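Peer 1: My structure is in data.cif, and what it holds is mmCIF, C-alpha atoms and all ligand atoms:
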```cif
data_target
loop_
_atom_site.label_atom_id
_atom_site.label_comp_id
_atom_site.auth_asym_id
_atom_site.auth_seq_id
_atom_site.Cartn_x
_atom_site.Cartn_y
_atom_site.Cartn_z
CA MET D 297 24.01 -67.38 111.58
CA CYS D 298 20.34 -66.53 111.67
CA TYR D 299 18.09 -66.21 108.68
CA ALA D 300 15.32 -63.69 108.25
CA ILE D 301 12.99 -66.59 108.72
CA PRO D 302 11.27 -67.58 111.94
CA GLY D 303 13.10 -69.96 114.22
CA LYS D 304 11.49 -72.11 116.89
CA VAL D 305 12.67 -71.71 120.48
CA LEU D 306 13.88 -75.07 121.71
CA GLU D 307 14.91 -74.02 125.19
CA LEU D 308 15.81 -71.03 127.34
CA ARG D 309 19.07 -71.01 129.23
CA GLY D 310 19.10 -67.90 131.38
CA LYS D 311 19.38 -64.95 128.98
CA LYS D 312 20.03 -67.22 126.01
CA ALA D 313 17.47 -68.84 123.75
CA VAL D 314 18.31 -71.92 121.70
CA ILE D 315 16.55 -71.60 118.37
CA ASP D 316 15.97 -74.17 115.65
CA TYR D 317 16.19 -73.32 111.92
CA PHE D 318 15.24 -76.38 109.90
CA GLY D 319 17.29 -78.67 112.10
CA GLU D 320 20.20 -76.27 112.77
CA SER D 321 20.24 -74.82 116.26
CA LYS D 322 21.59 -71.39 117.10
CA THR D 323 21.67 -69.35 120.28
CA ALA D 324 20.59 -65.74 120.68
CA VAL D 325 20.28 -63.33 123.58
CA ASN D 326 16.68 -62.98 124.64
CA GLU D 327 15.47 -59.68 126.10
CA LEU D 328 11.77 -60.34 125.53
CA VAL D 329 9.58 -61.16 128.49
CA ASN D 330 7.16 -64.09 128.25
CA LEU D 331 9.23 -66.10 125.79
CA ALA D 332 8.80 -69.86 126.14
CA PRO D 333 10.02 -73.00 124.41
CA GLY D 334 7.88 -73.70 121.36
CA ASP D 335 7.48 -69.99 120.48
CA TYR D 336 8.50 -68.75 117.04
CA VAL D 337 10.85 -65.77 116.85
CA TYR D 338 12.97 -63.64 114.60
CA ALA D 339 16.55 -63.28 115.78
CA GLN D 340 19.07 -60.80 114.42
CA GLY D 341 22.74 -60.34 115.13
CA GLY D 342 22.47 -62.76 118.03
CA TYR D 343 19.41 -61.03 119.58
CA VAL D 344 15.84 -62.26 119.65
CA ILE D 345 13.99 -59.25 118.26
CA GLN D 346 10.41 -60.44 117.85
CA LYS D 347 8.00 -63.16 118.80
CA ILE D 348 5.63 -64.13 115.99
CA ASN D 349 2.41 -66.06 116.00
CA PRO D 350 2.72 -69.74 115.09
CA LYS D 351 0.30 -69.55 112.15
CA GLU D 352 2.27 -66.74 110.48
CA ALA D 353 5.55 -68.53 111.22
CA GLY D 354 4.21 -71.78 109.79
CA ASP D 355 3.16 -70.07 106.55
CA ILE D 356 6.56 -68.40 106.11
CA LEU D 357 8.44 -71.59 106.92
CA GLU D 358 6.34 -73.56 104.46
CA THR D 359 7.32 -71.23 101.60
CA TRP D 360 10.97 -71.33 102.68
CA LYS D 361 11.29 -75.03 103.38
CA ASP D 362 12.53 -76.24 100.00
CA MET D 363 14.25 -73.03 99.01
CA PHE D 364 16.30 -73.00 102.19
CA PHE D 365 18.06 -76.24 101.32
CA GLU D 366 18.19 -75.55 97.58
CA LEU D 367 20.01 -72.26 98.12
CA GLN D 368 22.42 -73.82 100.61
CA GLU D 369 23.22 -76.58 98.15
CA MET D 370 23.76 -74.11 95.33
CA ASP D 371 26.13 -72.02 97.43
CA LYS D 372 28.02 -75.11 98.52
CA ASN D 373 28.51 -76.13 94.90
CA PHE D 374 29.73 -72.66 93.93
CA SER D 375 32.19 -72.67 96.83
CA ARG D 376 33.95 -75.94 96.11
CA LEU D 377 37.67 -75.67 96.20
CA SER D 378 39.95 -76.88 93.49
CA PHE D 379 43.48 -75.72 92.86
CA ASP D 380 44.79 -75.84 89.30
CA SER D 381 47.83 -78.12 89.02
CA SER D 382 49.76 -75.32 87.31
CA LEU D 383 49.29 -73.05 90.36
CA ASP D 384 52.47 -71.50 91.71
CA GLN D 385 53.77 -73.75 94.48
CA LYS D 386 54.32 -70.97 96.99
CA LEU D 387 50.77 -69.71 96.61
CA ARG D 388 49.41 -73.23 96.84
CA VAL D 389 51.17 -73.86 100.14
CA ILE D 390 49.86 -70.60 101.58
CA LEU D 391 46.28 -71.20 100.47
CA ASP D 392 46.36 -74.80 101.67
CA LYS D 393 47.43 -73.54 105.05
CA ALA D 394 44.69 -70.89 105.04
CA CYS D 395 42.00 -73.41 104.11
CA ASP D 396 43.23 -75.72 106.84
CA GLU D 397 42.76 -72.77 109.19
CA LYS D 398 46.40 -72.57 110.11
CA LYS D 399 47.81 -69.21 111.12
CA LEU D 400 49.64 -67.50 108.25
CA LYS D 401 52.83 -65.54 108.79
CA ASP D 402 52.93 -61.81 108.11
CA GLU D 403 55.01 -62.31 104.98
CA GLU D 404 52.50 -64.83 103.65
CA LEU D 405 49.58 -62.50 104.30
CA LEU D 406 51.42 -59.59 102.69
CA TYR D 407 52.22 -61.79 99.71
CA LEU D 408 48.49 -62.50 99.25
CA LEU D 409 47.67 -58.82 99.62
CA SER D 410 50.11 -57.91 96.86
CA LEU D 411 48.98 -60.55 94.33
CA ASN D 412 48.33 -59.08 90.91
CA ASP D 413 48.26 -62.01 88.52
CA SER D 414 44.62 -62.55 87.59
CA LYS D 415 44.71 -66.37 87.73
CA GLU D 416 46.48 -66.35 91.08
CA ARG D 417 44.03 -63.82 92.45
CA GLU D 418 41.12 -65.95 91.29
CA THR D 419 42.46 -68.88 93.30
CA PHE D 420 43.02 -66.63 96.30
CA PHE D 421 39.38 -65.49 96.09
CA LYS D 422 38.21 -69.09 95.77
CA ALA D 423 39.99 -69.96 99.00
CA ALA D 424 38.36 -66.95 100.72
CA ASN D 425 34.96 -67.96 99.37
CA PHE D 426 35.49 -71.53 100.54
CA LEU D 427 36.14 -70.26 104.07
CA ARG D 428 33.19 -67.86 103.90
CA GLN D 429 30.91 -70.77 103.00
CA LYS D 430 32.41 -73.02 105.64
CA TYR D 431 31.93 -70.48 108.43
CA HIS D 432 28.73 -68.72 107.36
CA SER D 433 27.00 -71.18 105.09
CA ASN D 434 24.90 -69.19 102.62
CA SER D 435 23.77 -66.44 104.96
CA CYS D 436 24.15 -62.85 103.83
CA CYS D 437 23.50 -59.93 106.11
CA VAL D 438 21.52 -57.11 104.48
CA HIS D 439 21.23 -54.09 106.75
CA GLY D 440 19.54 -50.86 105.79
CA ILE D 441 21.13 -47.48 106.54
CA ILE D 442 19.40 -44.16 107.11
CA GLU D 443 21.64 -41.11 106.99
CA ILE D 444 19.75 -38.82 109.34
CA SER D 445 21.94 -35.71 109.13
CA ASN D 446 25.01 -34.48 107.24
CA PHE D 447 26.01 -31.89 109.85
CA CYS D 448 29.51 -32.61 111.14
CA LYS D 449 31.85 -30.74 113.45
CA ARG D 450 34.89 -32.83 112.55
CA GLY D 451 37.38 -31.85 109.88
CA CYS D 452 38.51 -35.26 108.57
CA TYR D 453 40.72 -34.53 105.55
CA TYR D 454 39.18 -37.19 103.32
CA CYS D 455 35.52 -36.61 104.01
CA GLY D 456 33.08 -34.67 101.86
CA ILE D 457 30.75 -33.82 104.76
CA SER D 458 33.53 -32.53 107.03
CA SER D 459 33.16 -29.06 108.48
CA HIS D 460 35.71 -27.80 105.89
CA ASN D 461 33.22 -28.23 103.11
CA LYS D 462 31.43 -24.92 102.86
CA ASN D 463 29.83 -25.82 99.51
CA LEU D 464 27.54 -28.45 100.92
CA GLU D 465 23.92 -27.84 101.74
CA ARG D 466 23.35 -29.33 105.20
CA TYR D 467 20.26 -31.26 106.31
CA ARG D 468 18.92 -32.83 109.42
CA MET D 469 15.92 -35.16 109.18
CA SER D 470 13.19 -34.42 111.69
CA LYS D 471 12.09 -37.14 114.09
CA ALA D 472 8.93 -37.58 112.01
CA GLU D 473 10.99 -38.00 108.82
CA ILE D 474 13.23 -40.55 110.52
CA LEU D 475 10.25 -42.51 111.77
CA GLU D 476 8.71 -42.43 108.31
CA ALA D 477 11.94 -43.78 106.75
CA VAL D 478 12.14 -46.47 109.43
CA LYS D 479 8.52 -47.43 108.77
CA GLN D 480 9.19 -47.73 105.05
CA ALA D 481 12.24 -49.90 105.68
CA TYR D 482 10.39 -52.06 108.21
CA ASP D 483 7.40 -52.49 105.91
CA LEU D 484 9.72 -53.56 103.12
CA GLY D 485 11.16 -56.32 105.29
CA PHE D 486 14.29 -54.91 106.97
CA LYS D 487 15.05 -56.33 110.39
CA SER D 488 18.18 -54.32 111.18
CA LEU D 489 18.86 -50.68 110.50
CA VAL D 490 21.85 -48.40 110.94
CA LEU D 491 21.17 -44.77 111.82
CA GLN D 492 24.09 -42.63 110.72
CA SER D 493 25.05 -38.96 110.76
CA GLY D 494 28.06 -36.70 110.85
CA GLU D 495 29.38 -35.98 114.32
CA ASP D 496 27.13 -33.47 116.06
CA SER D 497 24.14 -34.21 113.91
CA GLY D 498 22.20 -31.34 115.38
CA TYR D 499 20.52 -33.73 117.77
CA ASN D 500 21.75 -34.06 121.33
CA ILE D 501 22.05 -37.46 123.00
CA GLU D 502 18.70 -37.17 124.78
CA GLU D 503 16.98 -36.45 121.47
CA LEU D 504 18.75 -39.37 119.77
CA ALA D 505 17.80 -41.62 122.69
CA ASP D 506 14.19 -40.51 122.37
CA ILE D 507 14.21 -41.32 118.63
CA ILE D 508 15.68 -44.78 119.24
CA LYS D 509 13.27 -45.49 122.07
CA THR D 510 10.33 -44.53 119.88
CA ILE D 511 11.60 -46.75 117.04
CA LYS D 512 12.01 -49.67 119.43
CA GLU D 513 8.52 -49.16 120.84
CA LYS D 514 7.03 -49.24 117.37
CA TYR D 515 9.15 -51.77 115.48
CA PRO D 516 11.01 -55.00 116.30
CA LEU D 517 14.29 -53.91 114.73
CA LEU D 518 17.93 -54.33 115.60
CA ILE D 519 19.29 -50.77 115.69
CA PHE D 520 22.92 -49.84 115.03
CA ILE D 521 24.08 -46.30 115.81
CA SER D 522 26.72 -44.47 113.80
CA PHE D 523 26.96 -40.90 115.03
CA GLY D 524 30.74 -40.72 115.45
CA GLU D 525 32.38 -40.40 118.86
CA ILE D 526 29.62 -39.79 121.40
CA GLY D 527 31.53 -40.80 124.53
CA GLU D 528 30.86 -43.56 127.04
CA ASP D 529 27.93 -41.75 128.55
CA GLY D 530 26.34 -41.30 125.12
CA LEU D 531 26.88 -44.97 124.33
CA LYS D 532 25.24 -45.95 127.61
CA LYS D 533 22.23 -43.71 127.03
CA LEU D 534 21.64 -45.01 123.53
CA TYR D 535 22.06 -48.62 124.68
CA THR D 536 19.46 -48.03 127.35
CA ALA D 537 17.20 -46.52 124.68
CA GLY D 538 17.46 -49.78 122.74
CA ALA D 539 20.42 -49.52 120.34
CA ARG D 540 22.39 -52.76 120.19
CA GLY D 541 25.02 -52.13 117.53
CA LEU D 542 27.69 -49.54 116.78
CA LEU D 543 29.08 -48.80 113.34
CA MET D 544 32.28 -46.85 113.73
CA ARG D 545 35.38 -47.25 111.64
CA PHE D 546 38.73 -46.51 113.22
CA GLU D 547 39.63 -45.28 109.69
CA THR D 548 43.28 -46.39 109.89
CA SER D 549 45.23 -48.39 112.45
CA ASN D 550 48.31 -46.25 111.85
CA PRO D 551 48.34 -43.57 114.61
CA LYS D 552 50.63 -41.26 112.64
CA LEU D 553 48.46 -41.40 109.54
CA TYR D 554 45.38 -40.96 111.73
CA GLN D 555 46.82 -37.81 113.22
CA GLU D 556 47.73 -36.39 109.82
CA LEU D 557 44.17 -36.87 108.60
CA HIS D 558 42.48 -35.78 111.82
CA PRO D 559 44.60 -33.02 113.35
CA GLY D 560 43.83 -32.59 117.03
CA PHE D 561 42.33 -36.06 117.40
CA GLU D 562 43.84 -39.28 118.67
CA LEU D 563 43.37 -42.75 117.25
CA ALA D 564 43.68 -44.17 120.78
CA ASN D 565 40.50 -42.35 121.87
CA ARG D 566 38.53 -43.68 118.95
CA ILE D 567 39.73 -47.21 119.59
CA GLU D 568 38.91 -46.85 123.28
CA GLU D 569 35.37 -45.82 122.40
CA ILE D 570 34.89 -48.90 120.22
CA ARG D 571 36.25 -51.08 123.03
CA LYS D 572 33.88 -49.44 125.53
CA ALA D 573 30.95 -50.04 123.20
CA PHE D 574 31.82 -53.72 122.98
CA GLU D 575 32.06 -53.94 126.76
CA LEU D 576 28.64 -52.33 127.06
CA GLY D 577 27.22 -55.07 124.86
CA TYR D 578 27.12 -53.39 121.45
CA LEU D 579 27.68 -55.45 118.31
CA ILE D 580 30.57 -53.82 116.52
CA ILE D 581 30.92 -52.94 112.85
CA THR D 582 34.30 -51.42 112.19
CA GLY D 583 37.09 -51.17 109.67
CA SER D 584 39.10 -48.66 107.70
CA LEU D 585 39.70 -46.73 104.52
CA ILE D 586 41.90 -48.37 101.91
CA GLY D 587 44.12 -46.26 99.66
CA LEU D 588 44.83 -43.36 102.01
CA PRO D 589 47.92 -41.40 100.96
CA GLY D 590 50.96 -42.89 102.68
CA GLN D 591 49.17 -46.11 103.73
CA THR D 592 51.24 -49.28 103.29
CA ASP D 593 50.22 -52.92 102.87
CA LYS D 594 51.47 -53.54 106.40
CA ASP D 595 49.07 -50.82 107.60
CA ILE D 596 46.23 -52.61 105.83
CA LEU D 597 47.13 -55.90 107.44
CA ASN D 598 47.19 -54.11 110.80
CA ASP D 599 43.75 -52.67 109.98
CA ILE D 600 42.36 -56.17 109.55
CA ARG D 601 43.99 -57.27 112.79
CA LEU D 602 42.73 -54.24 114.70
CA ALA D 603 39.17 -54.79 113.47
CA ASP D 604 39.47 -58.37 114.67
CA GLU D 605 40.87 -57.33 118.02
CA LEU D 606 37.95 -54.95 118.44
CA HIS D 607 35.60 -57.95 118.10
CA ALA D 608 34.12 -56.79 114.82
CA GLU D 609 30.98 -58.77 114.19
CA MET D 610 31.21 -57.18 110.77
CA MET D 611 34.21 -55.63 109.02
CA SER D 612 33.87 -52.67 106.70
CA PHE D 613 36.80 -51.87 104.42
CA GLY D 614 36.20 -49.44 101.60
CA PRO D 615 38.27 -47.47 99.13
CA PHE D 616 39.14 -43.86 99.85
CA LEU D 617 37.52 -41.86 97.05
CA ALA D 618 38.70 -38.26 96.96
CA HIS D 619 36.02 -35.63 97.33
CA PRO D 620 36.64 -32.45 95.27
CA ASP D 621 35.67 -30.29 98.25
CA SER D 622 37.88 -32.06 100.78
CA LYS D 623 41.49 -31.45 101.76
CA LEU D 624 42.58 -34.56 99.86
CA SER D 625 40.89 -33.57 96.61
CA GLY D 626 42.57 -34.97 93.49
CA ILE D 627 44.18 -38.02 95.06
CA LYS D 628 43.81 -41.17 93.01
CA ALA D 629 41.52 -43.95 94.23
CA PRO D 630 43.05 -47.36 94.96
CA SER D 631 42.58 -50.01 92.29
CA GLU D 632 39.53 -52.22 92.60
CA ASP D 633 41.89 -55.21 92.55
CA LYS D 634 43.35 -54.00 95.81
CA ILE D 635 39.98 -53.87 97.54
CA PHE D 636 39.07 -57.40 96.43
CA ASN D 637 42.43 -58.53 97.80
CA VAL D 638 41.71 -56.81 101.11
CA MET D 639 38.30 -58.45 101.45
CA ALA D 640 39.69 -61.89 100.65
CA LEU D 641 42.56 -61.35 103.06
CA ALA D 642 40.18 -60.26 105.79
CA ARG D 643 38.21 -63.47 105.31
CA ILE D 644 41.38 -65.51 105.67
CA GLU D 645 42.87 -63.62 108.61
CA ALA D 646 39.84 -62.55 110.66
CA ALA D 647 37.83 -64.58 113.15
CA LYS D 648 35.42 -67.12 111.68
CA GLU D 649 32.27 -65.37 112.94
CA THR D 650 33.15 -62.02 111.38
CA LYS D 651 30.98 -60.87 108.53
CA ILE D 652 32.56 -58.85 105.78
CA LEU D 653 30.72 -56.02 104.08
CA VAL D 654 30.78 -55.02 100.43
CA THR D 655 30.79 -51.28 101.06
CA THR D 656 28.92 -48.67 99.03
CA ALA D 657 32.23 -46.92 98.35
CA PHE D 658 33.48 -50.11 96.76
CA GLU D 659 30.30 -50.36 94.71
CA THR D 660 30.96 -46.80 93.60
CA LEU D 661 34.49 -47.71 92.50
CA SER D 662 33.61 -50.99 90.82
CA LYS D 663 30.53 -52.16 88.95
CA THR D 664 31.29 -55.79 89.91
CA ALA D 665 32.01 -55.10 93.58
CA ARG D 666 28.89 -56.82 94.90
CA GLU D 667 28.84 -59.86 92.70
CA LYS D 668 32.57 -60.49 92.84
CA GLY D 669 32.95 -59.37 96.46
CA LEU D 670 30.37 -61.88 97.66
CA VAL D 671 32.38 -64.70 96.09
CA SER D 672 35.72 -63.36 97.34
CA GLY D 673 35.08 -63.57 101.06
CA ALA D 674 32.37 -60.97 101.67
CA SER D 675 29.07 -61.89 103.30
CA SER D 676 27.14 -58.67 103.81
CA LEU D 677 25.47 -55.80 102.01
CA MET D 678 24.07 -52.50 103.19
CA LEU D 679 21.20 -50.86 101.33
CA ASN D 680 20.58 -47.14 101.45
CA VAL D 681 17.13 -46.39 102.81
CA THR D 682 17.69 -42.65 103.29
CA PRO D 683 14.99 -40.60 101.53
CA ILE D 684 16.28 -39.99 97.98
CA LYS D 685 16.12 -36.18 98.35
CA TYR D 686 18.81 -36.35 101.08
CA ARG D 687 21.09 -39.04 99.66
CA LYS D 688 23.01 -36.67 97.35
CA LEU D 689 23.67 -34.36 100.27
CA TYR D 690 25.25 -37.17 102.28
CA SER D 691 28.24 -36.62 100.09
CA LEU D 692 31.09 -38.51 101.79
CA TYR D 693 32.64 -38.92 98.33
CA PRO D 694 31.32 -38.09 94.86
CA ASN D 695 28.80 -40.10 92.80
CA ARG D 696 27.87 -42.57 95.47
CA ALA D 697 26.26 -45.74 94.14
CA HIS D 698 22.48 -46.15 94.58
CA GLN D 699 21.93 -42.41 94.98
CA GLU D 700 18.81 -42.39 92.87
CA GLU D 701 17.51 -45.94 93.31
CA SER D 702 14.30 -46.51 95.20
CA VAL D 703 14.52 -48.81 98.21
CA GLU D 704 12.23 -51.27 96.42
CA ASP D 705 14.59 -51.43 93.42
CA GLN D 706 17.63 -51.86 95.63
CA ILE D 707 15.93 -54.76 97.42
CA LYS D 708 14.89 -56.33 94.12
CA ASP D 709 18.45 -56.16 92.76
CA ALA D 710 20.08 -57.40 95.94
CA VAL D 711 17.68 -60.30 96.38
CA SER D 712 17.97 -61.39 92.77
CA LEU D 713 21.78 -61.33 92.99
CA LEU D 714 21.71 -63.29 96.23
CA LYS D 715 19.38 -65.90 94.77
CA ASN D 716 21.63 -66.35 91.76
CA LEU D 717 24.54 -66.94 94.11
CA GLY D 718 22.59 -69.33 96.35
CA ARG D 719 22.61 -66.91 99.27
CA ALA D 720 19.83 -66.16 101.73
CA PRO D 721 19.43 -62.68 103.25
CA THR D 722 19.53 -62.87 107.02
CA ASP D 723 17.94 -59.59 107.99
CA LEU D 724 15.68 -58.78 105.13
CA SER D 725 12.54 -60.84 104.93
CA VAL D 726 11.70 -61.51 101.34
CA ARG D 727 8.00 -61.66 100.63
N1 LIG X 801 35.90 -41.99 100.53
C1 LIG X 801 35.46 -43.15 101.06
N2 LIG X 801 34.90 -43.27 102.26
C2 LIG X 801 34.77 -42.14 102.99
N3 LIG X 801 34.29 -41.93 104.24
C3 LIG X 801 34.40 -40.62 104.51
N4 LIG X 801 34.94 -39.97 103.46
C4 LIG X 801 35.19 -40.89 102.51
C5 LIG X 801 35.78 -40.84 101.22
N5 LIG X 801 36.21 -39.69 100.69
C6 LIG X 801 33.85 -43.00 105.13
C7 LIG X 801 34.63 -42.97 106.45
C8 LIG X 801 33.55 -42.86 107.50
C9 LIG X 801 32.31 -43.32 106.77
C10 LIG X 801 31.03 -42.82 107.32
O1 LIG X 801 32.50 -42.83 105.47
O2 LIG X 801 35.37 -44.16 106.59
O3 LIG X 801 33.79 -43.65 108.64
#
```
Could you show the structure in this file as structure tokens?
Ligand code: 5AD
Peer 2:
Amino acid sequence: MCYAIPGKVLELRGKKAVIDYFGESKTAVNELVNLAPGDYVYAQGGYVIQKINPKEAGDILETWKDMFFELQEMDKNFSRLSFDSSLDQKLRVILDKACDEKKLKDEELLYLLSLNDSKERETFFKAANFLRQKYHSNSCCVHGIIEISNFCKRGCYYCGISSHNKNLERYRMSKAEILEAVKQAYDLGFKSLVLQSGEDSGYNIEELADIIKTIKEKYPLLIFISFGEIGEDGLKKLYTAGARGLLMRFETSNPKLYQELHPGFELANRIEEIRKAFELGYLIITGSLIGLPGQTDKDILNDIRLADELHAEMMSFGPFLAHPDSKLSGIKAPSEDKIFNVMALARIEAAKETKILVTTAFETLSKTAREKGLVSGASSLMLNVTPIKYRKLYSLYPNRAHQEESVEDQIKDAVSLLKNLGRAPTDLSVR
């Protein structure tokens, strides 16, 4: 956990810095030269990203001091666990086991995933929220995402920007436009950004590396890349340029389903690329689509396990929402209940450190996705900082949430929701 507040370096152990946040110490990888104990820094995703002057740090810490503990206390109170005495015995035993961090059997996990009674589901979510609080305290990751191009050479059956869609106007942001969007996001307080595009964005790897290098020279930001499968060499080049995270879903852990939706492509290659990225040192955000035709609950459980196995530092599970101009047009979306169940199950089954994202697709499906998701196991949000004129064209699925909202308004809404829940954003500094 690291807040978007300055921490004080207590000591340096080789590449690692031990950092103090109001009495809690955390470690982060340090790649800055001239860092010394006593310095104040921002750390994101386990990386020290910026050294800040002590006066500035002192001022920020002074304003945060009381709020930091107040918010933590509030979240703790909201996350208390109490099981109703009338609760079904079987469910009680399973949730007790989960909260005691004992491994659940497949049939128990599948039972949770299939819950549909509203009272039972509420208790399930409470258990997930209890674990979320226990592992992550009140921290909530808030990344920004810039969708730099909607060109794509792939023909994924579910996707609205796939090469099959001839009705879509294509765009590619220029380097200057990207830098302008990054500047806006940075000035508004973002500390980590995802750059995303369809596969074959119109930029080659050298050009992408140059963009990332320029961003890193200008701004202390943690950069995630999300350009599809770019190969080991591409991953290496972008890592060298300064990217430290990869957002790439494996889409489904079921190889047969994967092949049906991506003819000519292999799930194994995609998984291998995610593994390679982890080995190279990238932080991994991965996950899958929920509600794909033919997908079973067992598949979904396997999705959670695969994301875990791939060392997801953040999991991203979102509903499949049919695009009218895609091959799967007309297929019904999964119920919002299902997605809440998946998020809560992920919290119970995945590694403690894993963050869980409330995806934009889920926000598109459900008005309460954010508020309810954050108290059902989720611990992260992603705000869209793509220039508004391009957002509609990044049409993965129809009517995406936040298409018309300014970045300022999105921040205002997210921060006010987080405050009401007693959460503190970890990579968005609130001024
Ligand atoms: N519904 C929901 N999510 C989609 N994505 C692509 N198409 C859709 C859709 N129709 C997701 C994929 C991809 C990410 C960028 O967008 O999971 O990895």
Peer 1: Under the rule that all atoms listed in the file are counted, which of D:Phe546, D:Tyr467, D:Tyr554, D:Tyr317 is the nearest residue to ligand LIG 801 (chain X)?
Peer 2: D:Phe546
Peer 1: Wanna dump the chain D-ligand LIG 801 (chain X) contacts at 6 Å for me, each residue with its shortest atom pair and the distance in Å to one decimal, counting all atoms listed in the file, ordered by chain and number, as JSON lines?
Peer 2:
```
{"residue": "D:Tyr454", "atom": "CA", "partner": "X:LIG801", "partner_atom": "N5", "distance": 4.7}
{"residue": "D:Cys455", "atom": "CA", "partner": "X:LIG801", "partner_atom": "N4", "distance": 3.5}
{"residue": "D:Gly456", "atom": "CA", "partner": "X:LIG801", "partner_atom": "N4", "distance": 5.8}
{"residue": "D:Arg545", "atom": "CA", "partner": "X:LIG801", "partner_atom": "O3", "distance": 4.9}
{"residue": "D:Glu547", "atom": "CA", "partner": "X:LIG801", "partner_atom": "O2", "distance": 5.4}
{"residue": "D:Ser584", "atom": "CA", "partner": "X:LIG801", "partner_atom": "O2", "distance": 5.9}
{"residue": "D:Leu585", "atom": "CA", "partner": "X:LIG801", "partner_atom": "O2", "distance": 5.4}
{"residue": "D:Pro615", "atom": "CA", "partner": "X:LIG801", "partner_atom": "C1", "distance": 5.5}
{"residue": "D:Phe616", "atom": "CA", "partner": "X:LIG801", "partner_atom": "N1", "distance": 3.8}
{"residue": "D:Leu617", "atom": "CA", "partner": "X:LIG801", "partner_atom": "N1", "distance": 3.8}
{"residue": "D:Ala618", "atom": "CA", "partner": "X:LIG801", "partner_atom": "N5", "distance": 4.7}
{"residue": "D:His619", "atom": "CA", "partner": "X:LIG801", "partner_atom": "N5", "distance": 5.3}
{"residue": "D:Ala657", "atom": "CA", "partner": "X:LIG801", "partner_atom": "C1", "distance": 5.7}
{"residue": "D:Leu692", "atom": "CA", "partner": "X:LIG801", "partner_atom": "N4", "distance": 4.4}
{"residue": "D:Tyr693", "atom": "CA", "partner": "X:LIG801", "partner_atom": "N5", "distance": 4.3}
```
Peer 1: Within 8 Å of (31.0, -29.2, 99.3), in the coordinates the file gives, what residues turn up when you count all atoms listed in the file, written out as a count of residues only?
Peer 2: 11
Peer 1: Might you pull out every residue within 10 Å of Leu531 of chain D, with all atoms listed in the file counted and same-chain residues fewer than 5 positions away left off, and present them as a ChimeraX atom specification?
Peer 2: /D:501,505,521,525-526,536-537,539-540,542,569-570,572-573,576,578
Peer 1: If we count only C-alpha atoms, what is near Ile580 of chain D at a cut-off of 9 Å, once residues fewer than 3 positions away on the same chain are taken out, given as a list in words?
Peer 2: Phe520, Gly541, Leu542, Leu543, Met544, Ile570, Ala573, Phe574, Leu606, His607, Ala608, Glu609, Met610 and Met611 of chain D
Peer 1: Measuring atom to atom with all atoms listed in the file, identify which of D:Asn695, D:Asn326, D:Asn412, D:Gln591 is nearest to Lys634 of chain D.
Peer 2: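 Going through D:Asn695, D:Asn326, D:Asn412, D:Gln591 one by one, the smallest distance to Lys634 of chain D is for D:Asn412.
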Peer 1: Mind checking which residues fall within 6 Å of segment 321-324 of chain D, counting only C-alpha atoms, ignoring those fewer than 2 positions away in the same chain, and posting them as JSON, numbers by chain?
Peer 2: {"D": [312, 313, 314, 315, 316, 342, 343, 344]}
Peer 1: Let me see the file: selected residues, C-alpha atoms, as an mmCIF file, keeping the file's coordinate frame.
Peer 2:
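Listed below is the output, out-v2.cif:
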```cif
data_model
loop_
_atom_site.group_PDB
_atom_site.id
_atom_site.type_symbol
_atom_site.label_atom_id
_atom_site.label_comp_id
_atom_site.auth_asym_id
_atom_site.auth_seq_id
_atom_site.Cartn_x
_atom_site.Cartn_y
_atom_site.Cartn_z
ATOM 1 C CA LYS D 312 20.030 -67.220 126.010
ATOM 2 C CA ALA D 313 17.470 -68.840 123.750
ATOM 3 C CA VAL D 314 18.310 -71.920 121.700
ATOM 4 C CA ILE D 315 16.550 -71.600 118.370
ATOM 5 C CA ASP D 316 15.970 -74.170 115.650
ATOM 6 C CA GLY D 342 22.470 -62.760 118.030
ATOM 7 C CA TYR D 343 19.410 -61.030 119.580
ATOM 8 C CA VAL D 344 15.840 -62.260 119.650
#
```
Peer 1: Take atom CA of Glu502 of chain D and atom CA of Tyr515 of chain D and report the distance between them in Å, one decimal.
Peer 2: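 It comes out at 19.8 Å.
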Peer 1: Work out how far apart atom CA of Gly485 of chain D and atom CA of Glu369 of chain D are and give it in Å to one decimal.
Peer 2: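 Calculated distance between atom CA of Gly485 of chain D and atom CA of Glu369 of chain D is 24.6 Å.
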Peer 1: In Å, how far is it from atom CA of Leu406 of chain D to atom CA of Lys648 of chain D?
Peer 2: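 So the answer is 19.8 Å.
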Peer 1: Counting only C-alpha atoms, what is within 12 Å of Val671 of chain D, bar same-chain residues fewer than 5 positions away, as a PyMOL selection string?
Peer 2: chain D and resi 371-372+374-376+418-429+434+436+636-637+639-640+643+652-654+664-666+676+713-714+716-719
Peer 1: Would you mind listing what lies within 8 Å of Gly498 of chain D as a PyMOL selection string, with only C-alpha atoms counted and same-chain residues fewer than 4 positions away left out?
Peer 2: chain D and resi 445+447+468
Peer 1: Using all atoms listed in the file, find the one residue out of D:Asp362, D:Asp604, D:Glu700, D:Glu645 that sits nearest to Ala394 of chain D.
Peer 2: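 Closest residue, counting all atoms listed in the file: D:Glu645.
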Peer 1: Considering all atoms listed in the file, state which residue in the set D:Leu383, D:Ile507, D:Ile348, D:Leu588 is at the smallest distance from Asp413 of chain D.
Peer 2: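 Closest candidate: D:Leu383.
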Peer 1: For each of D:Thr510, D:Asn330, D:Asn349, D:Ser549, take the minimum atom-to-atom distance to Lys304 of chain D, counting all atoms listed in the file, then give the residue where this is smallest.
Peer 2: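 Of all the options, D:Asn349 lies closest to Lys304 of chain D.
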